[in-house]
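The structure under discussion appears below in the form of structure tokens.
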Amino acid sequence: MSGLTRGRRTLFGIELDPLTMDQTVARCLEAVRDGRQLEIGVVNAAKLVTMRRDERLARAVSGCDLVLADGQAVVWAGRVLKAPLPERVAGIDLFLRLLAEAETAGMSVYFLGARQEVLEEMLRRVAARFPGLKVAGHRNGYFDDAEQEAIAESIAHSGAQMLFLGMTSPKKEIFTAAYGERTGARVVHGVGGSFDILAGVTRRAPASWQRHGLEWLYRALQEPRRLGRRYLTTNAAFLLMTARERFRLAPSTAPANRSH
């Protein structure tokens, strides 16, 4: 189902929040100041395709307090399917905005994710970029499911007000759904591969590629063997999903039956 629902936009059966980046940042800061928890979910074309066959991931994303369009293709699909979204709110851009705001406001953060060496390099670069940022704690993203509860408790004990999860889907969404509240963090944001980008391990697409929705191609060109086939498959599936939904929503043009 696509359309409008209680101020949200329903796209492929998933409710998204039609917020700009500035509005999203304001919501996050309000949550910290008011002592409310805000779990953030982001979706791109690949994730929406995966959510159709992964019910656990779909439930985890749908359970978030805010669900945002991380991919430009999602914004375009919203326009085509009459469920307009104001702009793309990229997870990494939101991540950087929140780090800057946290530094200014004296809010503490916790980083969970990536390999240990990547995490350490990211921490070094973040400290140089945001020297006044309060880092309550950090941990790499390699742990068993049995360790999740203890990790959530450790985050809670750190007193972190914002938690950033540098892990892949569906691991970050499942952790958030199961233990996000337990962490005590007021803002919980899954940032995917952003730790790798901040650490300089992977490069982000230039702004012009981002505007044209070609970040996936830029990444595929960096890792063609690992990502090329996956991106082509998911993008084709997303285009097909959108076309089918557009056809389903199109008003019938067949003439009405008339009684004689």
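Ligands are numbered from 1 in the order shown, residues from 1 within each chain, and chains are lettered A, B, ... in the order they appear in the structure tokens.
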Per residue of range 176-242 of chain A within 12 Å of range 138-147 of chain A, what are the shortest atom pair and its distance in Å to one decimal, counting only C-alpha atoms, with rows by chain and residue number, as JSON lines?
```
{"residue": "A:Ala178", "atom": "CA", "partner": "A:Asp145", "partner_atom": "CA", "distance": 10.7}
{"residue": "A:Tyr179", "atom": "CA", "partner": "A:Glu147", "partner_atom": "CA", "distance": 11.2}
{"residue": "A:Gly190", "atom": "CA", "partner": "A:Gly141", "partner_atom": "CA", "distance": 11.9}
{"residue": "A:Gly192", "atom": "CA", "partner": "A:Gly141", "partner_atom": "CA", "distance": 10.9}
{"residue": "A:Gly193", "atom": "CA", "partner": "A:Gly141", "partner_atom": "CA", "distance": 11.3}
{"residue": "A:Phe195", "atom": "CA", "partner": "A:Asn140", "partner_atom": "CA", "distance": 10.4}
{"residue": "A:Asp196", "atom": "CA", "partner": "A:Asn140", "partner_atom": "CA", "distance": 12.0}
```
Show me, as a list in words, the residues that have an atom within 7 Å of Ala152 in chain A when counting only C-alpha atoms, minus same-chain residues fewer than 4 positions from it.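 Those residues are Gln148, Ala156, Tyr179, Arg182 and Thr183 of chain A.
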Could you write out that same residue set with N, CA, C and O atoms as a compact mmCIF listing (two decimals), in the first residue's frame?
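Writing done, so here's again17.txt:
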```
# COMPACT_ATOMS: atom_id res chain seq x y z
N GLN A 148 24.62 -9.65 23.46
CA GLN A 148 23.89 -8.39 23.21
C GLN A 148 23.37 -7.74 24.49
O GLN A 148 23.48 -6.52 24.66
N ALA A 156 24.31 1.39 28.80
CA ALA A 156 23.49 2.08 29.80
C ALA A 156 24.35 2.64 30.93
O ALA A 156 24.16 3.78 31.38
N TYR A 179 17.19 -4.39 22.06
CA TYR A 179 17.92 -3.82 23.20
C TYR A 179 18.09 -2.30 23.16
O TYR A 179 18.74 -1.74 24.04
N ARG A 182 16.96 -0.75 26.33
CA ARG A 182 17.81 -1.17 27.45
C ARG A 182 19.09 -0.33 27.53
O ARG A 182 19.67 -0.18 28.61
N THR A 183 19.57 0.19 26.40
CA THR A 183 20.81 0.96 26.40
C THR A 183 20.68 2.28 27.14
O THR A 183 21.69 2.87 27.55
```
Determine the nearest neighbour of Val61 in chain A from the options A:Glu215, A:Glu117, A:Glu39, A:Asp22, counting only C-alpha atoms. A:Glu39
Cut-off 6 Å: closest range 118-207 of chain A/range 94-109 of chain A atom pairs per residue, using only C-alpha atoms, as a tab-separated table:
```
residue	atom	partner	partner_atom	distance
A:Gly132	CA	A:Glu103	CA	5.5
A:Leu133	CA	A:Glu103	CA	4.3
A:Lys134	CA	A:Ser108	CA	4.7
A:Val135	CA	A:Val109	CA	5.0
A:Ala136	CA	A:Val109	CA	5.5
A:Ala160	CA	A:Val109	CA	5.0
A:Gln161	CA	A:Ser108	CA	5.3
A:Met162	CA	A:Val109	CA	4.6
A:Leu163	CA	A:Val109	CA	5.8
```
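The environment of Ala45 in chain A within 8 Å, counting only C-alpha atoms and disregarding residues fewer than 6 places along the same chain, consists of Gly71, Ala73, Val74, Thr234, Asn235 and Phe238 of chain A.
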Take the residues that were just selected and, keeping all heavy atoms, output them as a CSV table (one decimal), in the first residue's frame.
```csv
chain,number,residue,atom,x,y,z
A,71,GLY,N,17.9,6.6,0.9
A,71,GLY,CA,18.3,6.5,-0.5
A,71,GLY,C,17.5,7.4,-1.4
A,71,GLY,O,16.3,7.6,-1.2
A,73,ALA,N,16.6,6.9,-4.4
A,73,ALA,CA,15.7,6.1,-5.1
A,73,ALA,C,14.3,6.0,-4.4
A,73,ALA,O,13.3,5.9,-5.0
A,73,ALA,CB,16.2,4.7,-5.4
A,74,VAL,N,14.4,6.0,-3.0
A,74,VAL,CA,13.2,6.0,-2.2
A,74,VAL,C,12.4,7.3,-2.4
A,74,VAL,O,11.2,7.3,-2.5
A,74,VAL,CB,13.5,5.7,-0.7
A,74,VAL,CG1,12.3,5.7,0.1
A,74,VAL,CG2,14.3,4.4,-0.6
A,234,THR,N,19.3,-6.0,-6.7
A,234,THR,CA,18.3,-5.3,-5.9
A,234,THR,C,17.7,-4.1,-6.5
A,234,THR,O,16.5,-3.8,-6.4
A,234,THR,CB,19.0,-4.9,-4.5
A,234,THR,OG1,20.2,-4.1,-4.8
A,234,THR,CG2,19.4,-6.1,-3.7
A,235,ASN,N,18.5,-3.4,-7.3
A,235,ASN,CA,18.0,-2.2,-8.0
A,235,ASN,C,16.9,-2.6,-9.1
A,235,ASN,O,15.9,-1.9,-9.2
A,235,ASN,CB,19.1,-1.4,-8.7
A,235,ASN,CG,19.9,-0.6,-7.7
A,235,ASN,OD1,19.6,-0.5,-6.6
A,235,ASN,ND2,21.1,-0.1,-8.2
A,238,PHE,N,13.9,-3.4,-7.2
A,238,PHE,CA,13.2,-2.2,-6.7
A,238,PHE,C,12.4,-1.5,-7.8
A,238,PHE,O,11.3,-1.0,-7.6
A,238,PHE,CB,14.2,-1.3,-6.1
A,238,PHE,CG,13.6,0.0,-5.4
A,238,PHE,CD1,12.9,-0.1,-4.2
A,238,PHE,CD2,13.6,1.2,-6.0
A,238,PHE,CE1,12.3,1.0,-3.6
A,238,PHE,CE2,13.1,2.3,-5.4
A,238,PHE,CZ,12.4,2.2,-4.2
```
A:Asp65, A:Glu245, A:Glu149, A:Glu121: which is nearest His189 in chain A, counting only C-alpha atoms?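 Checking each of A:Asp65, A:Glu245, A:Glu149, A:Glu121 against His189 in chain A, counting only C-alpha atoms, the winner is A:Asp65.
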As an exercise, work out the distance from CA of Asp93 in chain A to CA of Val191 in chain A in Å and give it to one decimal place. 9.4 Å
Fewer than 5 positions away in the same chain doesn't count, so skip those; otherwise give me all residues within 10 Å of Val49 in chain A, counting only C-alpha atoms, as a VMD selection string. chain A and resid 12 43 to 44 54 233 to 239 241
Between CA of Gly35 in chain A and CA of Gly113 in chain A, what distance in Å does the model show, to one decimal?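 Value for the CA of Gly35 in chain A-CA of Gly113 in chain A distance: 24.6 Å.
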Out of range 92-160 of chain A, which residues get alpha helix (DSSP H) from DSSP, as a PyMOL selection string? chain A and resi 92-105+116-129+148-158
Please save N, CA, C and O atoms of the selected residues as a short mmCIF file (atom, residue, chain, number, x, y, z; two decimals), in the first residue's frame.
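Output saved as result.cif:
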```cif
data_model
loop_
_atom_site.label_atom_id
_atom_site.label_comp_id
_atom_site.auth_asym_id
_atom_site.auth_seq_id
_atom_site.Cartn_x
_atom_site.Cartn_y
_atom_site.Cartn_z
N ILE A 92 24.53 8.76 6.98
CA ILE A 92 25.85 9.29 7.34
C ILE A 92 25.80 10.80 7.55
O ILE A 92 26.48 11.34 8.43
N ASP A 93 24.98 11.51 6.77
CA ASP A 93 24.86 12.96 6.94
C ASP A 93 24.19 13.28 8.27
O ASP A 93 24.59 14.23 8.97
N LEU A 94 23.17 12.51 8.62
CA LEU A 94 22.52 12.70 9.92
C LEU A 94 23.50 12.41 11.05
O LEU A 94 23.55 13.13 12.06
N PHE A 95 24.28 11.37 10.89
CA PHE A 95 25.32 10.99 11.86
C PHE A 95 26.27 12.16 12.12
O PHE A 95 26.51 12.56 13.28
N LEU A 96 26.79 12.76 11.07
CA LEU A 96 27.73 13.87 11.21
C LEU A 96 27.07 15.10 11.82
O LEU A 96 27.67 15.80 12.64
N ARG A 97 25.84 15.37 11.42
CA ARG A 97 25.12 16.51 12.01
C ARG A 97 24.92 16.32 13.50
O ARG A 97 25.09 17.25 14.30
N LEU A 98 24.57 15.09 13.89
CA LEU A 98 24.33 14.83 15.31
C LEU A 98 25.63 14.89 16.12
O LEU A 98 25.62 15.33 17.28
N LEU A 99 26.75 14.46 15.54
CA LEU A 99 28.03 14.58 16.24
C LEU A 99 28.36 16.04 16.48
O LEU A 99 28.81 16.43 17.58
N ALA A 100 28.14 16.89 15.48
CA ALA A 100 28.40 18.32 15.62
C ALA A 100 27.50 18.94 16.69
O ALA A 100 27.95 19.74 17.53
N GLU A 101 26.23 18.57 16.66
CA GLU A 101 25.28 19.11 17.64
C GLU A 101 25.60 18.61 19.04
O GLU A 101 25.49 19.36 20.03
N ALA A 102 26.00 17.35 19.15
CA ALA A 102 26.35 16.78 20.46
C ALA A 102 27.56 17.50 21.04
O ALA A 102 27.63 17.78 22.24
N GLU A 103 28.55 17.79 20.18
CA GLU A 103 29.73 18.51 20.65
C GLU A 103 29.35 19.88 21.19
O GLU A 103 29.78 20.28 22.27
N THR A 104 28.51 20.59 20.45
CA THR A 104 28.09 21.95 20.86
C THR A 104 27.28 21.93 22.14
O THR A 104 27.47 22.79 23.02
N ALA A 105 26.38 20.94 22.26
CA ALA A 105 25.47 20.89 23.41
C ALA A 105 26.02 20.11 24.60
O ALA A 105 25.37 20.04 25.64
N GLN A 116 37.80 -3.71 15.09
CA GLN A 116 38.48 -2.95 16.13
C GLN A 116 39.43 -1.90 15.55
O GLN A 116 39.44 -0.75 15.99
N GLU A 117 40.20 -2.28 14.53
CA GLU A 117 41.17 -1.33 13.97
C GLU A 117 40.47 -0.18 13.24
O GLU A 117 40.94 0.96 13.27
N VAL A 118 39.33 -0.48 12.62
CA VAL A 118 38.56 0.57 11.94
C VAL A 118 37.95 1.51 12.98
O VAL A 118 37.97 2.74 12.82
N LEU A 119 37.41 0.94 14.03
CA LEU A 119 36.81 1.73 15.11
C LEU A 119 37.85 2.68 15.72
O LEU A 119 37.57 3.86 15.93
N GLU A 120 39.04 2.18 15.97
CA GLU A 120 40.08 3.01 16.58
C GLU A 120 40.51 4.15 15.66
O GLU A 120 40.72 5.28 16.12
N GLU A 121 40.61 3.88 14.35
CA GLU A 121 40.97 4.94 13.41
C GLU A 121 39.85 5.97 13.31
O GLU A 121 40.10 7.18 13.24
N MET A 122 38.59 5.50 13.31
CA MET A 122 37.47 6.42 13.28
C MET A 122 37.46 7.31 14.51
O MET A 122 37.25 8.53 14.42
N LEU A 123 37.71 6.72 15.68
CA LEU A 123 37.74 7.50 16.92
C LEU A 123 38.83 8.57 16.86
O LEU A 123 38.62 9.71 17.32
N ARG A 124 39.95 8.24 16.28
CA ARG A 124 41.05 9.20 16.16
C ARG A 124 40.63 10.37 15.27
O ARG A 124 40.85 11.54 15.61
N ARG A 125 39.99 10.05 14.15
CA ARG A 125 39.58 11.10 13.22
C ARG A 125 38.41 11.93 13.76
O ARG A 125 38.36 13.14 13.54
N VAL A 126 37.50 11.26 14.46
CA VAL A 126 36.38 11.98 15.07
C VAL A 126 36.89 12.95 16.14
O VAL A 126 36.42 14.09 16.24
N ALA A 127 37.88 12.52 16.93
CA ALA A 127 38.45 13.39 17.96
C ALA A 127 39.11 14.62 17.36
O ALA A 127 39.06 15.72 17.92
N ALA A 128 39.73 14.45 16.17
CA ALA A 128 40.36 15.59 15.50
C ALA A 128 39.30 16.53 14.92
O ALA A 128 39.48 17.76 14.93
N ARG A 129 38.23 15.96 14.42
CA ARG A 129 37.17 16.76 13.78
C ARG A 129 36.24 17.41 14.78
O ARG A 129 35.76 18.53 14.56
N GLN A 148 24.62 -9.65 23.46
CA GLN A 148 23.89 -8.39 23.21
C GLN A 148 23.37 -7.74 24.49
O GLN A 148 23.48 -6.52 24.66
N GLU A 149 22.82 -8.53 25.37
CA GLU A 149 22.26 -7.96 26.59
C GLU A 149 23.33 -7.29 27.44
O GLU A 149 23.14 -6.17 27.95
N ALA A 150 24.47 -7.95 27.59
CA ALA A 150 25.57 -7.39 28.38
C ALA A 150 26.10 -6.11 27.73
O ALA A 150 26.45 -5.14 28.44
N ILE A 151 26.14 -6.07 26.42
CA ILE A 151 26.60 -4.87 25.72
C ILE A 151 25.62 -3.72 25.95
O ILE A 151 26.02 -2.58 26.20
N ALA A 152 24.32 -4.02 25.88
CA ALA A 152 23.31 -3.00 26.14
C ALA A 152 23.44 -2.45 27.55
O ALA A 152 23.33 -1.23 27.78
N GLU A 153 23.70 -3.32 28.51
CA GLU A 153 23.88 -2.87 29.90
C GLU A 153 25.12 -1.99 30.03
O GLU A 153 25.13 -1.00 30.76
N SER A 154 26.19 -2.35 29.33
CA SER A 154 27.42 -1.56 29.37
C SER A 154 27.18 -0.16 28.81
O SER A 154 27.69 0.84 29.35
N ILE A 155 26.41 -0.08 27.73
CA ILE A 155 26.08 1.23 27.16
C ILE A 155 25.26 2.05 28.15
O ILE A 155 25.49 3.25 28.33
N ALA A 156 24.31 1.39 28.80
CA ALA A 156 23.49 2.08 29.80
C ALA A 156 24.35 2.64 30.93
O ALA A 156 24.16 3.78 31.38
N HIS A 157 25.31 1.84 31.38
CA HIS A 157 26.19 2.28 32.47
C HIS A 157 27.10 3.44 32.05
O HIS A 157 27.54 4.22 32.89
N SER A 158 27.36 3.55 30.76
CA SER A 158 28.22 4.64 30.28
C SER A 158 27.53 6.00 30.35
O SER A 158 28.17 7.04 30.34
#
```
From a backbone DSSP assignment, name each residue in range 97-150 of chain A labelled strand (DSSP E or B), as number ranges by chain. A: 108-113, 134-139
For the residues in the current selection, export all heavy atoms as an mmCIF file, in the first residue's frame.
```cif
data_model
loop_
_atom_site.group_PDB
_atom_site.id
_atom_site.type_symbol
_atom_site.label_atom_id
_atom_site.label_comp_id
_atom_site.auth_asym_id
_atom_site.auth_seq_id
_atom_site.Cartn_x
_atom_site.Cartn_y
_atom_site.Cartn_z
ATOM 1 N N SER A 108 26.691 13.332 25.346
ATOM 2 C CA SER A 108 27.644 12.232 25.239
ATOM 3 C C SER A 108 27.177 11.191 24.234
ATOM 4 O O SER A 108 25.981 10.970 24.047
ATOM 5 C CB SER A 108 27.860 11.574 26.602
ATOM 6 O OG SER A 108 26.633 11.111 27.134
ATOM 7 N N VAL A 109 28.148 10.528 23.591
ATOM 8 C CA VAL A 109 27.825 9.556 22.542
ATOM 9 C C VAL A 109 28.560 8.244 22.787
ATOM 10 O O VAL A 109 29.572 8.190 23.493
ATOM 11 C CB VAL A 109 28.191 10.103 21.144
ATOM 12 C CG1 VAL A 109 27.517 11.439 20.881
ATOM 13 C CG2 VAL A 109 29.708 10.240 20.986
ATOM 14 N N TYR A 110 28.026 7.184 22.168
ATOM 15 C CA TYR A 110 28.642 5.854 22.238
ATOM 16 C C TYR A 110 28.683 5.303 20.814
ATOM 17 O O TYR A 110 27.721 5.420 20.056
ATOM 18 C CB TYR A 110 27.814 4.927 23.132
ATOM 19 C CG TYR A 110 28.506 3.631 23.528
ATOM 20 C CD1 TYR A 110 29.001 3.466 24.813
ATOM 21 C CD2 TYR A 110 28.651 2.581 22.622
ATOM 22 C CE1 TYR A 110 29.629 2.284 25.195
ATOM 23 C CE2 TYR A 110 29.283 1.397 22.986
ATOM 24 C CZ TYR A 110 29.767 1.254 24.281
ATOM 25 O OH TYR A 110 30.400 0.083 24.652
ATOM 26 N N PHE A 111 29.819 4.695 20.446
ATOM 27 C CA PHE A 111 29.990 4.103 19.125
ATOM 28 C C PHE A 111 30.065 2.577 19.255
ATOM 29 O O PHE A 111 30.912 2.055 19.975
ATOM 30 C CB PHE A 111 31.272 4.606 18.470
ATOM 31 C CG PHE A 111 31.324 6.095 18.273
ATOM 32 C CD1 PHE A 111 32.168 6.881 19.050
ATOM 33 C CD2 PHE A 111 30.539 6.718 17.320
ATOM 34 C CE1 PHE A 111 32.236 8.255 18.872
ATOM 35 C CE2 PHE A 111 30.591 8.095 17.132
ATOM 36 C CZ PHE A 111 31.443 8.865 17.910
ATOM 37 N N LEU A 112 29.186 1.890 18.527
ATOM 38 C CA LEU A 112 29.183 0.431 18.543
ATOM 39 C C LEU A 112 29.223 -0.077 17.108
ATOM 40 O O LEU A 112 28.302 0.170 16.328
ATOM 41 C CB LEU A 112 27.923 -0.090 19.246
ATOM 42 C CG LEU A 112 27.693 -1.605 19.245
ATOM 43 C CD1 LEU A 112 28.806 -2.333 20.000
ATOM 44 C CD2 LEU A 112 26.329 -1.938 19.873
ATOM 45 N N GLY A 113 30.331 -0.772 16.749
ATOM 46 C CA GLY A 113 30.376 -1.335 15.411
ATOM 47 C C GLY A 113 31.759 -1.349 14.797
ATOM 48 O O GLY A 113 32.724 -0.851 15.380
ATOM 49 N N LYS A 134 32.012 14.555 23.693
ATOM 50 C CA LYS A 134 32.109 13.641 24.835
ATOM 51 C C LYS A 134 31.798 12.215 24.373
ATOM 52 O O LYS A 134 30.660 11.912 24.011
ATOM 53 C CB LYS A 134 31.116 14.037 25.930
ATOM 54 C CG LYS A 134 31.395 15.388 26.573
ATOM 55 C CD LYS A 134 30.374 15.667 27.661
ATOM 56 C CE LYS A 134 30.616 17.017 28.334
ATOM 57 N NZ LYS A 134 29.566 17.300 29.355
ATOM 58 N N VAL A 135 32.812 11.365 24.361
ATOM 59 C CA VAL A 135 32.621 9.957 23.975
ATOM 60 C C VAL A 135 32.499 9.130 25.247
ATOM 61 O O VAL A 135 33.470 8.955 25.989
ATOM 62 C CB VAL A 135 33.785 9.459 23.096
ATOM 63 C CG1 VAL A 135 33.574 7.988 22.737
ATOM 64 C CG2 VAL A 135 33.907 10.309 21.830
ATOM 65 N N ALA A 136 31.286 8.644 25.504
ATOM 66 C CA ALA A 136 31.035 7.896 26.734
ATOM 67 C C ALA A 136 31.623 6.491 26.668
ATOM 68 O O ALA A 136 31.963 5.898 27.695
ATOM 69 C CB ALA A 136 29.535 7.820 27.007
ATOM 70 N N GLY A 137 31.753 5.957 25.447
ATOM 71 C CA GLY A 137 32.297 4.617 25.312
ATOM 72 C C GLY A 137 32.241 4.137 23.874
ATOM 73 O O GLY A 137 31.685 4.807 22.996
ATOM 74 N N HIS A 138 32.823 2.975 23.629
ATOM 75 C CA HIS A 138 32.836 2.411 22.287
ATOM 76 C C HIS A 138 33.138 0.927 22.373
ATOM 77 O O HIS A 138 33.729 0.444 23.342
ATOM 78 C CB HIS A 138 33.879 3.113 21.413
ATOM 79 C CG HIS A 138 35.254 3.160 22.024
ATOM 80 N ND1 HIS A 138 36.147 2.113 21.959
ATOM 81 C CD2 HIS A 138 35.872 4.146 22.730
ATOM 82 C CE1 HIS A 138 37.261 2.452 22.592
ATOM 83 N NE2 HIS A 138 37.124 3.670 23.067
ATOM 84 N N ARG A 139 32.713 0.199 21.332
ATOM 85 C CA ARG A 139 32.982 -1.233 21.242
ATOM 86 C C ARG A 139 32.887 -1.648 19.786
ATOM 87 O O ARG A 139 32.090 -1.097 19.033
ATOM 88 C CB ARG A 139 31.966 -2.046 22.059
ATOM 89 C CG ARG A 139 32.372 -3.516 22.228
ATOM 90 C CD ARG A 139 31.214 -4.406 22.574
ATOM 91 N NE ARG A 139 31.648 -5.750 22.915
ATOM 92 C CZ ARG A 139 32.067 -6.668 22.039
ATOM 93 N NH1 ARG A 139 32.101 -6.382 20.748
ATOM 94 N NH2 ARG A 139 32.434 -7.865 22.450
#
```
With only C-alpha atoms as the counted atoms, please give the residues lying no more than 8 Å from Arg204 in chain A, apart from itself and same-chain residues fewer than 3 positions off, as a count of residues only. 4
Could you name the residues that touch Ala220 in chain A at 9 Å or less, counting only C-alpha atoms, but leaving out those on the same chain fewer than 6 positions away, as a ChimeraX atom specification? /A:226-231
Go ahead and write the selection's residues with all heavy atoms as a short mmCIF file (atom, residue, chain, number, x, y, z; two decimals), in the first residue's frame.
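Output (selection33.cif):
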```cif
data_model
loop_
_atom_site.label_atom_id
_atom_site.label_comp_id
_atom_site.auth_asym_id
_atom_site.auth_seq_id
_atom_site.Cartn_x
_atom_site.Cartn_y
_atom_site.Cartn_z
N ARG A 226 32.27 -8.04 -5.05
CA ARG A 226 31.41 -8.25 -3.89
C ARG A 226 30.05 -7.58 -4.04
O ARG A 226 29.03 -8.13 -3.61
CB ARG A 226 32.09 -7.72 -2.62
CG ARG A 226 31.37 -8.08 -1.33
CD ARG A 226 32.16 -7.67 -0.11
NE ARG A 226 32.12 -6.24 0.13
CZ ARG A 226 31.16 -5.64 0.85
NH1 ARG A 226 30.18 -6.34 1.38
NH2 ARG A 226 31.19 -4.34 1.05
N LEU A 227 30.01 -6.40 -4.65
CA LEU A 227 28.79 -5.60 -4.64
C LEU A 227 28.10 -5.47 -5.99
O LEU A 227 26.91 -5.15 -6.03
CB LEU A 227 29.10 -4.20 -4.10
CG LEU A 227 29.62 -4.12 -2.67
CD1 LEU A 227 29.96 -2.68 -2.31
CD2 LEU A 227 28.60 -4.67 -1.69
N GLY A 228 28.84 -5.66 -7.08
CA GLY A 228 28.26 -5.41 -8.40
C GLY A 228 26.97 -6.16 -8.66
O GLY A 228 25.94 -5.55 -8.95
N ARG A 229 27.02 -7.47 -8.57
CA ARG A 229 25.84 -8.29 -8.85
C ARG A 229 24.72 -8.00 -7.85
O ARG A 229 23.55 -7.93 -8.24
CB ARG A 229 26.22 -9.77 -8.81
CG ARG A 229 25.06 -10.70 -9.15
CD ARG A 229 25.51 -12.15 -9.11
NE ARG A 229 24.41 -13.04 -9.38
CZ ARG A 229 23.99 -13.37 -10.59
NH1 ARG A 229 24.58 -12.87 -11.66
NH2 ARG A 229 22.97 -14.19 -10.76
N ARG A 230 25.09 -7.80 -6.57
CA ARG A 230 24.07 -7.54 -5.54
C ARG A 230 23.28 -6.27 -5.85
O ARG A 230 22.05 -6.24 -5.79
CB ARG A 230 24.73 -7.43 -4.17
CG ARG A 230 23.72 -7.24 -3.04
CD ARG A 230 24.36 -6.70 -1.77
NE ARG A 230 25.49 -7.49 -1.33
CZ ARG A 230 26.25 -7.14 -0.30
NH1 ARG A 230 26.00 -6.02 0.37
NH2 ARG A 230 27.27 -7.89 0.06
N TYR A 231 24.00 -5.19 -6.18
CA TYR A 231 23.33 -3.92 -6.44
C TYR A 231 22.47 -3.99 -7.70
O TYR A 231 21.35 -3.45 -7.72
CB TYR A 231 24.35 -2.79 -6.56
CG TYR A 231 24.81 -2.24 -5.24
CD1 TYR A 231 26.17 -1.97 -5.02
CD2 TYR A 231 23.92 -1.98 -4.21
CE1 TYR A 231 26.60 -1.46 -3.80
CE2 TYR A 231 24.34 -1.48 -2.99
CZ TYR A 231 25.69 -1.22 -2.79
OH TYR A 231 26.11 -0.72 -1.59
#
```
Name the closest residue to Leu240 in chain A among the candidates A:Ala77, A:Pro84, A:Thr176, A:Gly200; distances are taken between atoms, counting only C-alpha atoms. A:Ala77
